[in-house]
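Participant: Next up is a structure, given as structure tokens.
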Amino acid sequence: METKRGVPNILGNGLVSIGLVLFAVAGAGAAGVVDVRFAPGVYLVFVAISFILAWLLRSLT
């Protein structure tokens, strides 16, 4: 059974993981390793949003 504090931490860690994957995609796209659909800056905006949401979720505990 999850506690009230455990759920925001799990969601926050999931958002951090998604942000790290998007950061890797942006870096690979900027280096020309892979062909990405959007410009790397677009991915970095989503990284910032996911990190901010993760920080807010973690601060709930």
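Ligands are numbered from 1 in the order shown, residues from 1 within each chain, and chains are lettered A, B, ... in the order they appear in the structure tokens.
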Using only C-alpha atoms, determine which residues lie at most 9 Å from Ala48 (chain A), disregarding the query and same-chain residues fewer than 5 positions distant; provide the list as a count of residues only.
Facilitator: 3
Participant: Looking only at the backbone, which of the residues in region 6-61 of chain A does DSSP tag as alpha helix (DSSP H), as a ChimeraX atom specification?
Facilitator: /A:6-31,40-59
Participant: In terms of the shortest atom-to-atom distance over only C-alpha atoms, which of A:Val7, A:Phe51, A:Gly12, A:Phe46 is closest to Ala26 (chain A)?
Facilitator: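 Closest to Ala26 (chain A), using only C-alpha atoms: A:Phe46.
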Participant: Rounded to one decimal place, report the CA of Leu22 (chain A)-CA of Gly41 (chain A) distance in Å.
Facilitator: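 Atom-to-atom, CA of Leu22 (chain A) to CA of Gly41 (chain A), that is 10.7 Å.
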Participant: Identify, on the basis of only C-alpha atoms, every residue whose closest approach to Gly29 (chain A) does not exceed 10 Å; exclude the query and any residue fewer than 6 positions from it along the same chain; express the result as an MDAnalysis selection string.
Facilitator: chainID A and resid 23 35:41 43
Participant: Can you work out which one of A:Gly27, A:Gly32, A:Gly14, A:Gly6 has the shortest atom-to-atom distance to Ala54 (chain A), counting only C-alpha atoms?
Facilitator: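 Once distances to Ala54 (chain A) are computed over only C-alpha atoms, the minimum belongs to A:Gly14.
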Participant: Need to verify the contact set: Pro8 (chain A), 10 Å, only C-alpha atoms, exclusion of same-chain residues closer than 5 positions in sequence. Can you return it as a list in words?
Facilitator: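 Here the answer would be Thr3, Asn13, Gly14, Ala54, Trp55, Leu56, Leu57, Arg58, Ser59, Leu60 and Thr61 of chain A.
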Participant: Please, could you write that set of residues out with all heavy atoms as an mmCIF file, in the first residue's frame?
Facilitator:
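Heads up, here's the output in part-v4.cif:
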data_model
loop_
_atom_site.group_PDB
_atom_site.id
_atom_site.type_symbol
_atom_site.label_atom_id
_atom_site.label_comp_id
_atom_site.auth_asym_id
_atom_site.auth_seq_id
_atom_site.Cartn_x
_atom_site.Cartn_y
_atom_site.Cartn_z
ATOM 1 N N THR A 3 1.934 5.137 0.484
ATOM 2 C CA THR A 3 1.609 6.237 1.376
ATOM 3 C C THR A 3 1.322 7.478 0.544
ATOM 4 O O THR A 3 1.583 7.509 -0.660
ATOM 5 C CB THR A 3 2.773 6.511 2.340
ATOM 6 O OG1 THR A 3 3.906 6.885 1.574
ATOM 7 C CG2 THR A 3 3.085 5.284 3.162
ATOM 8 N N ASN A 13 9.864 11.060 -9.950
ATOM 9 C CA ASN A 13 10.988 10.307 -10.505
ATOM 10 C C ASN A 13 10.702 9.862 -11.931
ATOM 11 O O ASN A 13 11.609 9.820 -12.764
ATOM 12 C CB ASN A 13 11.294 9.094 -9.628
ATOM 13 C CG ASN A 13 11.899 9.495 -8.308
ATOM 14 O OD1 ASN A 13 12.458 10.565 -8.173
ATOM 15 N ND2 ASN A 13 11.766 8.632 -7.324
ATOM 16 N N GLY A 14 9.454 9.552 -12.234
ATOM 17 C CA GLY A 14 9.096 9.209 -13.603
ATOM 18 C C GLY A 14 9.273 10.378 -14.549
ATOM 19 O O GLY A 14 9.771 10.221 -15.669
ATOM 20 N N ALA A 54 8.404 17.754 -11.943
ATOM 21 C CA ALA A 54 8.971 16.783 -10.999
ATOM 22 C C ALA A 54 9.363 17.469 -9.699
ATOM 23 O O ALA A 54 9.137 16.935 -8.608
ATOM 24 C CB ALA A 54 10.170 16.090 -11.618
ATOM 25 N N TRP A 55 9.941 18.649 -9.801
ATOM 26 C CA TRP A 55 10.329 19.388 -8.596
ATOM 27 C C TRP A 55 9.109 19.752 -7.766
ATOM 28 O O TRP A 55 9.114 19.646 -6.545
ATOM 29 C CB TRP A 55 11.118 20.629 -8.994
ATOM 30 C CG TRP A 55 11.466 21.488 -7.840
ATOM 31 C CD1 TRP A 55 12.385 21.239 -6.874
ATOM 32 C CD2 TRP A 55 10.862 22.753 -7.519
ATOM 33 N NE1 TRP A 55 12.401 22.280 -5.966
ATOM 34 C CE2 TRP A 55 11.482 23.216 -6.346
ATOM 35 C CE3 TRP A 55 9.884 23.518 -8.128
ATOM 36 C CZ2 TRP A 55 11.118 24.417 -5.770
ATOM 37 C CZ3 TRP A 55 9.544 24.725 -7.544
ATOM 38 C CH2 TRP A 55 10.155 25.152 -6.388
ATOM 39 N N LEU A 56 8.027 20.170 -8.465
ATOM 40 C CA LEU A 56 6.801 20.513 -7.742
ATOM 41 C C LEU A 56 6.196 19.283 -7.066
ATOM 42 O O LEU A 56 5.732 19.357 -5.931
ATOM 43 C CB LEU A 56 5.790 21.142 -8.699
ATOM 44 C CG LEU A 56 6.107 22.556 -9.160
ATOM 45 C CD1 LEU A 56 5.111 22.983 -10.226
ATOM 46 C CD2 LEU A 56 6.085 23.512 -8.000
ATOM 47 N N LEU A 57 6.199 18.151 -7.742
ATOM 48 C CA LEU A 57 5.652 16.944 -7.150
ATOM 49 C C LEU A 57 6.480 16.493 -5.945
ATOM 50 O O LEU A 57 5.937 16.062 -4.929
ATOM 51 C CB LEU A 57 5.596 15.818 -8.188
ATOM 52 C CG LEU A 57 4.430 15.894 -9.165
ATOM 53 C CD1 LEU A 57 4.612 14.874 -10.267
ATOM 54 C CD2 LEU A 57 3.129 15.658 -8.438
ATOM 55 N N ARG A 58 7.790 16.593 -6.061
ATOM 56 C CA ARG A 58 8.641 16.183 -4.938
ATOM 57 C C ARG A 58 8.502 17.134 -3.757
ATOM 58 O O ARG A 58 8.676 16.730 -2.612
ATOM 59 C CB ARG A 58 10.090 16.117 -5.379
ATOM 60 C CG ARG A 58 10.392 14.921 -6.227
ATOM 61 C CD ARG A 58 11.841 14.904 -6.563
ATOM 62 N NE ARG A 58 12.215 13.685 -7.264
ATOM 63 C CZ ARG A 58 13.426 13.429 -7.651
ATOM 64 N NH1 ARG A 58 14.394 14.272 -7.416
ATOM 65 N NH2 ARG A 58 13.688 12.300 -8.272
ATOM 66 N N SER A 59 8.196 18.395 -4.028
ATOM 67 C CA SER A 59 8.052 19.353 -2.932
ATOM 68 C C SER A 59 6.745 19.169 -2.168
ATOM 69 O O SER A 59 6.567 19.730 -1.102
ATOM 70 C CB SER A 59 8.169 20.783 -3.453
ATOM 71 O OG SER A 59 7.056 21.100 -4.252
ATOM 72 N N LEU A 60 5.836 18.367 -2.697
ATOM 73 C CA LEU A 60 4.592 18.087 -1.984
ATOM 74 C C LEU A 60 4.811 17.202 -0.759
ATOM 75 O O LEU A 60 3.968 17.176 0.126
ATOM 76 C CB LEU A 60 3.595 17.394 -2.915
ATOM 77 C CG LEU A 60 3.011 18.245 -4.034
ATOM 78 C CD1 LEU A 60 2.124 17.393 -4.934
ATOM 79 C CD2 LEU A 60 2.208 19.390 -3.468
ATOM 80 N N THR A 61 5.917 16.490 -0.728
ATOM 81 C CA THR A 61 6.140 15.573 0.384
ATOM 82 C C THR A 61 6.841 16.252 1.531
ATOM 83 O O THR A 61 7.487 17.243 1.397
ATOM 84 C CB THR A 61 6.974 14.360 -0.066
ATOM 85 O OG1 THR A 61 8.227 14.812 -0.559
ATOM 86 C CG2 THR A 61 6.234 13.585 -1.111
#
